[in-house]
Each structure stands twice: as C-alpha cells, then as structure tokens.
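**Q** Before anything else, here's the structure in question.
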Amino acid sequence: MKKAKNILTVAVFALILVGFGLWHMILPDADVSISERRDLAQAPALTAKTLFNREFSDKLETYLVDQFPLRESFRSLNASFRFSFLRQLDSNGYWTRDGVIYKTEKTTDEAQIKYAARLYNSLISSELSDCNVYFTVIPDKSYYADDTVHPRLDYTRLIEIMKANVQGAEYIDILDTLSIDKYYRTDTHWRQQDLFDTVERLASAMGVDEYLTPASDYTPHELSPFYGVYLRQAAMPVEPETLTYLTGSYTDNALVSGPEYKSSGVYATEKFDGMDGYDVFLSGTQAIIEIECPDARTDRHLYLFRDSFGSSLAPLLTGAYAKITVIDLRYVTSAYLPTIVDFAPGSDVLFANSTLVLNTAMIMR
Amino acid sequence: MLFSGATFLYAFLPVVLLLYAVAPGTKCKNYVLLSASLVFYFFGEPVYVLLLIFSSISDWLHSIYIEKHRGERKARIALISSIVINLGMLGFFKYTDFLIGTVNAVFGVSIPKTGVPLPIGISFFTFQTMSYTIDVYRGRAHAQKDLGTMATFVCLFPQLIAGPIVRYVDVAAELEGRRHTLEGVADGIRRFAFGLGKKVLIANVMYEVIVFFRESGDKSVLFYWLYAVAYTLQIYFDFSGYSDMAIGLGAIFGFKFPENFNYPYISKSITEFWRRWHMTLGGWFRDYVYIPLGGNRTTKLKWLRNIAVVWILTGAWHGAEWNFVLWGVMFGVLLIIEKLWLGKLLEKLPAFLSHIYVMFTVVLSFVIFNAAGLKGVVSDLGGLFGAGGIPLVSSDAVYYLRSYAVPIAVAVIGATPLPRYLYSRLHEAPRVVLEPLAVGALLVLSTAFLIDGSFNPFLYFRF
C-alpha cells in the first residue's frame, strides 16, 4: 500500500511538472491578454549581454508565467479559491454582489480631488471665461451597491470638495438619475441605453433638453458576448453580458474626426473584440475628437471634458449640438489646448469626469 | 531563480531531475548536481558565481593543507587564513556600506558608499564553508580530496541560498555514495510540495496584508497589530517553507539535510523558541562561537559576555542594519533574563501564560526585524501602542481583518503540530490517495497563485 502511495506521488509530481513544462514548450505564444488588457511577455533573447545583466533570467520568468498553459483557468482557480475557501472579501481588489462585479476603491484622496478642481478653474479662468460652464460628477457603480463592508470612496465628501472648489461653473447633480442596473455588471461603465434620464438632466441644465432625440427614435444594436474589464481582470465566474449601442439619424450623420481617430462614425464596432469592448463608443482612448452634426437642431457648440464614461454620453447629445468637441485631459495637457482647440465664446462647456478619475486626478494634466 | 517560480518548477527542475536520473554512479550524479547548482546560481548572480567557485576552491585547498599539517602551527595558520577569507568576503559584501553609513552618521562625514550588491546566499555558504574547515581542523571531518565533490557540497542548489545551513559532516557520507529509494524520493516530493504550499499559499497571502498596511493612509492600533501578526506568520511560513522545499529536494537527490524548524510558535520560553527556530543557525553559533568562547563553563561574567557576543552576531548576521542588531540584542537580553531569573518562573506559570509571553515577545521582535532602520522601529512599535494619537480602530483595519481572518486562522493552526497530529491518526488506506492528491493540489494551487500573483521573493535571500 505504501509502495502504491509512493508511486502515485511520484507520478503526480512528474506529470504536473513535466506535463505543463512540455505543454508550455509546444503551445504557441499569445501576443496579448485580453483579460488583463496588456501585451504578454514574449520569449527573451538569449545573448551574452542579456545573460550577464540578468535580463534574460528576469524576462524568462515573466515569459513563462505570461504564456503558461491554461493561464485563464489558473487565474479563475486563484479567484475561486480565495472567495470560496479563504473566504476573502475580494480577489485582487474585485468582489461580487448579486452577479455584479465591483472594484474596491482607495481612500478618498482630497489632494487629488482638489487638484481636479484647480485644473478645471485654471481652464475656466483662462480659456472658458466667455462660455457657459457646467460640471458634473459621475459616480462609480459602487455608490449604488447595497454594501457597507468593502472600502469605497466617500462620495459625499468628494462632491462637497468639488462644489466648494470649482469656481465659475454650475454643478449638475446626476446621482439620482442613475442606479446599479444602469451600469454593466462586468464593467466599470454605464449602459448607454439607460442614460436618458441622465442626459435629460444635463441637457436641461444646459438649456438644450428640448432638442434631444427621444429614446424611442433610437435603434438599439447588440454586441455579445461582452466581457467587461472587471470580469476579465477579476477572473471571476460571472457570465458575460451584451453591450448595446444606440443609433439614430443624428448619430448616423455625425462626422467624427480627431488626430488619432480612425473610425468613420461615433461607434467603432470593430473595437468590440479588442482589449476593451467599451471602446466601441467613440473608439475608446482619444485625446481630442470633434463631432460635427450637420442635422442638429441648434448651431450650438459643446466642449465636453470627459473620461471613458463620456464616450457613450456624447452620441446622445448629437441632436442638440451642431458641434461637440470631446477632450480627455488624461491624454492632452491643458496648457497645450489653446494651440489646438478654438474655444468659441458663448459655447457650452461640460466637465464630466467619473469619481475614479477625480480621485486620481493627477493623471490629468 | 526561486523554488516557487515557473522557471524553477517547470523548466529547471524537470530537466535536472531527468539528467540526474540518467547519470550513472554517485560521482556522475554529483557533477550533474554541481553543474545544475552553478546554473541555478548563475541565473540569479551571473558574476558572483565566480565568488562561489573561489570559495569552493579556497576551502578545498585550505582543508587539504590543514589535514596534511594536522597538529602543526601551519594548520592553525591555514585555518585562520580560511576564516579570514570567508569573513572577509562576508564583511566586504555585506557590512562595508553599513559601516560607512554608520561612520557617516556618527561623525557627520560623507564617505561614499561602495554600492556593491550583496551576493545571494553569501551568509549561508560562507558559514557552511567555515564550518567545514573548522571541522577538518578539529579532526571531526576528513578533508575532501576531490574538488568536484567539495564544490558539490558548497554549491548544492537545494540549500545554497537560504539554508538550512548544512555542515559538511552532515552530508559527507552521502556525497561519496547515497541510496535512492522510491520512498525517499516520494518523501522528498511530499516535503517539497508542502513547503511550496507554505510559501505560496500562506506566506505570500500574509504579505498582502503587509502591503495593504504599508500603503494605507488609514492606520490604527488594530491595523498595526494586524500587520505585526501577519508578518510574524509570513516570516515563519516563508522561511520554514523554503527549508521544507530544500529538505525535500535534498531527499529527492538522496541527501538528508538537518531540520531547521520545529513549531517555534508553540514555545513556552524564548530559550525554547530558539531551540525550534532556525535550528541550523543556532547550532552553528553554539558550536563555532559560543562553546569556543567558553560557553557556560566559565565565570558568570564571561558566560554573559558569551551570550551577548552570540546574539549581537546573530542579529548582525540577519542584516546589515541597526534594527537587526537591536533584534539580536533583545533576544540576548531576554535569554540572559530567562537563564538568571525568569526561566524558573515560566516553568511554574500556566502554559497559556507562557505562550502569551513568548508570542507577545516574538511578535514585537519581528516588528523590530521588519522595520526600516531604527526610525522605523520607533514608529512601528509606537503604532502598536497608539503613539501619535492614531485611532484604536480604522475602517481599513476592520476590512482587512475580515478579509484575511480565514488565511490568518489557517496560518495560526498550521504553525502548530495539530494538523500533523490529526493526519497521523488517519489509517494508511486513505493516505494512498490523499497524499498524491495533496501533492497535486498544492502544485496546481501554487501555480494558480503564481500566475495570478504578484509577490514571490523569499525573505531570507537578503541574508
């Protein structure tokens, strides 16, 4: 009996070590990890230099781990073990409640939030003094989570700081226009098809609500399966969902351009299978985009300072503005803006950043 | 290369095991081990591998000379030469910048530091080679005539960089000829997998608490204690896990390495704790420092001096910073107090009170150990007792306490002999399936943690 146990032990050990080792060798290397939104390490070059400066050994370990067979399954196993056996409250910062994935948040960082307010103020006083300026705060979905256990931002405090420090701009409160079911379960972002109350609130404050396209005039289009970034990063056993985008006559006829913009319209469906499916909206990460709406019912111009939440918001404003300039201060420095953007007096300006960005505002420049 | 890394587990080890299995005879197997060990060290320290080779050749030559001139003055000179070379290497690489920093701080000068990086495992292999030449000098071991065999002993990768400190006499016979049995290999595999699990599934998880604590801006007394307990568990599972892996690998290759840990956290006195913690280091200082200084068979004053010397050296061995020296001194003082007065009282106390005393002391000691210099000691110890007006409880502390309650409970129970006792009561029949299953599960789970994980280096590499 003891001999059988020993033979089995040696066999299991050898099978796992040699089996995975050989599997790794014959498995073709992948270029990217969609789940982690990053390029995967490739086999390092073996030269005398890389060998002696330890670059080879360091990169080899990263390569072996990055290209490991069943990598995604191992990541899921890790997450499941932590939740089910170790009873941890999160795995790599992610947690679930009723099938919705949330991310634990860092402590409210007042310095970062005040920095955001100063950045807004600097632009308002220098470039936007002749414009109608508004700002709103887009809450992370954990604001609506029925949870008192996991760390999250002090949203009340964050908004208080912004309201107290932003000068020359009217605050538009959208908190009560949203709810947890208006966000994707597996992603950080909100659902475009559920934004009508929010858009109505914003448009009303800016005096263009009567020009908005009613919800019934939009046609929904579905893309699936949509693996939100939280689902991919958390490696949790949660089902993917369906991403919906809305088209109508104004979005169809909108002309979109930008220094890095390669798509033809407000939706870049070819991006759905990329690193981040939400990049369908305005092609994802872009510093500056101009949306011209020839059929718009006004000749007004909106400057939308936004993060990725604004990508799905902007198309819904196309009926109300002849031109929308979408600016992401994470990718273009504010000091450089006057040289590339002409801020027309009398235009509307909306600062619409999420709490995630405001609490790490120093990534904006 | 780390034992718990993919390079080691899924590339290096399978290849070495295969080559070792097909190599005929002990001598040939020794050369496989020596080559593998040099590659293993080269991966982490491409240049310092020359230091390892130099150390092997130096002590090989010294030991042969010592044996040839046994009983003569020349042997003593050769011994001193060997010790000076070994301590010289250790002193230069480990303590030069520490001394420069201390001189700069005390005298307000600014002597530039050398910036020479510390060769991995130098504290371990210099102690092993020193014990070898000393044992040859004392006549406890014969000088190894074959350089390859000698180098195999010095470089043997399972114990090369983080112990246990294997003395030549422990493995002298096995270096010349060893038996490989199915049971020995299977035992080694079980021990290795168990150590891997201790390191990856417990120590690394405890480290996460430490990272969250360091990063948090929401400190509290509770958070400081959570950190202290997590670090106390991390260092035990990290170091003892590595020792288990080393002993397991040794067994796979037919060696029997000495044990390094024996459930230190169940001790009822600090004296007992040090009989159970890093046993090979304690034994080394006892045999090569404490007893040669006279041990306890001398005047009380000299006895106290001997203890003080051993514990200052023990502290400094662990790191070239004053907090390590303080850590060693703290244990030296406690051991003296126990030997003079407290020991008898502890014997009379109920066991749980003795445990509380030991664990309280040990937790504080590891806070000192892990602090960033003496300033860090003051700050971290102060935090444990609410210095600086920090609150008793903070939301971060409560969250992480709840999130890590089960891992901490598993670690606390795992640090006692209870799991082993319960397993020993199991009949042999279920073990036939359970043990291979456990090996497989530990390997697969550890791999899952490594692939999705972040922290992995062994703490004791820096020594």
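Chain lettering (A, B, ...) mirrors the order of the structure tokens, residue numbering begins at 1 for each chain separately, and ligand numbering begins at 1 in order of display.
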Using only C-alpha atoms, select each residue of chain B with any atom at most 6 Å away from an atom of chain A, and give the selection as a list in words.

**A**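 Result, ordered by chain then number: Thr7, Tyr10, Pro14, Phe43, Pro46, Ala186, Ser403, Val406, Pro407, Val432, Pro436, Ala448, Phe449, Ile451 and Asp452 of chain B.
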
**Q** Would you pick out the contacts of Asn306 (chain B) at 9 Å or less, using only C-alpha atoms, so that residues sharing its chain but fewer than 6 positions from it are not included, and give the list as a ChimeraX atom specification?

**A** /B:289-291,293-296

**Q** For the residues in that selection, give me C-alpha atoms as a PDB file, in the first residue's frame.

**A**
ATOM      1  CA  VAL B 289      31.230  30.709  18.607  1.00  0.00           C
ATOM      2  CA  TYR B 290      29.558  30.107  21.963  1.00  0.00           C
ATOM      3  CA  ILE B 291      31.350  26.917  23.023  1.00  0.00           C
ATOM      4  CA  LEU B 293      34.345  31.202  23.825  1.00  0.00           C
ATOM      5  CA  GLY B 294      33.809  29.038  26.886  1.00  0.00           C
ATOM      6  CA  GLY B 295      30.044  28.571  26.778  1.00  0.00           C
ATOM      7  CA  ASN B 296      28.547  28.389  30.257  1.00  0.00           C
TER       8      ASN B 296
END

**Q** Just list the residues in region 102-156 of chain A DSSP gives strand (DSSP E or B) on the backbone, as a list in words.

**A**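 Here is the list: Tyr102, Lys103, Asn132, Val133, Tyr134, Phe135, Thr136, Val137 and Ile138 of chain A.
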
**Q** Keeping only N, CA and C atoms, write the selected residues as an mmCIF file, in the first residue's frame.

**A**
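Full text of part_24.cif as output:
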data_model
loop_
_atom_site.group_PDB
_atom_site.id
_atom_site.type_symbol
_atom_site.label_atom_id
_atom_site.label_comp_id
_atom_site.auth_asym_id
_atom_site.auth_seq_id
_atom_site.Cartn_x
_atom_site.Cartn_y
_atom_site.Cartn_z
ATOM 1 N N TYR A 102 -17.658 44.479 -8.595
ATOM 2 C CA TYR A 102 -17.227 45.808 -8.143
ATOM 3 C C TYR A 102 -15.721 45.781 -7.894
ATOM 4 N N LYS A 103 -15.160 46.949 -7.849
ATOM 5 C CA LYS A 103 -13.739 47.055 -7.505
ATOM 6 C C LYS A 103 -13.625 47.838 -6.202
ATOM 7 N N ASN A 132 -20.465 79.133 -21.175
ATOM 8 C CA ASN A 132 -21.378 78.685 -20.114
ATOM 9 C C ASN A 132 -20.834 77.357 -19.591
ATOM 10 N N VAL A 133 -20.277 77.412 -18.388
ATOM 11 C CA VAL A 133 -19.540 76.229 -17.916
ATOM 12 C C VAL A 133 -20.345 75.464 -16.862
ATOM 13 N N TYR A 134 -20.360 74.150 -17.019
ATOM 14 C CA TYR A 134 -21.062 73.253 -16.091
ATOM 15 C C TYR A 134 -20.105 72.127 -15.704
ATOM 16 N N PHE A 135 -20.367 71.546 -14.571
ATOM 17 C CA PHE A 135 -19.622 70.322 -14.253
ATOM 18 C C PHE A 135 -20.526 69.354 -13.510
ATOM 19 N N THR A 136 -20.210 68.085 -13.733
ATOM 20 C CA THR A 136 -20.942 67.038 -13.032
ATOM 21 C C THR A 136 -19.945 66.006 -12.534
ATOM 22 N N VAL A 137 -20.386 65.154 -11.658
ATOM 23 C CA VAL A 137 -19.534 64.082 -11.125
ATOM 24 C C VAL A 137 -20.241 62.759 -11.405
ATOM 25 N N ILE A 138 -19.566 61.885 -12.138
ATOM 26 C CA ILE A 138 -20.165 60.589 -12.482
ATOM 27 C C ILE A 138 -19.757 59.576 -11.417
#

**Q** Given only C-alpha atoms as the basis, pick out the residue of B:Tyr400, B:Leu160, B:Tyr265, B:Asp238 nearest to Val412 (chain B).

**A** B:Tyr265

**Q** Considering only alpha helix (DSSP H) as DSSP defines it on the backbone, what residues of region 117-254 of chain A qualify? List them as a ChimeraX atom specification.

**A** /A:117-126,155-165,196-206,229-234,249-253

**Q** Write out as an MDAnalysis selection string each polymer residue whose atoms come within 12 Å of Met150 (chain B), counting only C-alpha atoms; drop sequence neighbours fewer than 2 positions from it.

**A** chainID B and resid 27 30:31 33:34 52:64 128:129 132:133 142:148 152:156 167:169 171:172 175:176

**Q** Fewer than 2 positions away in the same chain doesn't count, so skip those; otherwise give me all residues within 10 Å of region 352-367 of chain B, counting only C-alpha atoms, as JSON, numbers by chain.

**A** {"B": [224, 225, 227, 228, 229, 230, 231, 232, 233, 235, 264, 265, 266, 267, 268, 269, 270, 271, 272, 273, 323, 324, 326, 327, 328, 330, 331, 334, 345, 346, 347, 348, 349, 350, 369, 370, 371, 372, 376, 377, 378, 380, 381, 384]}
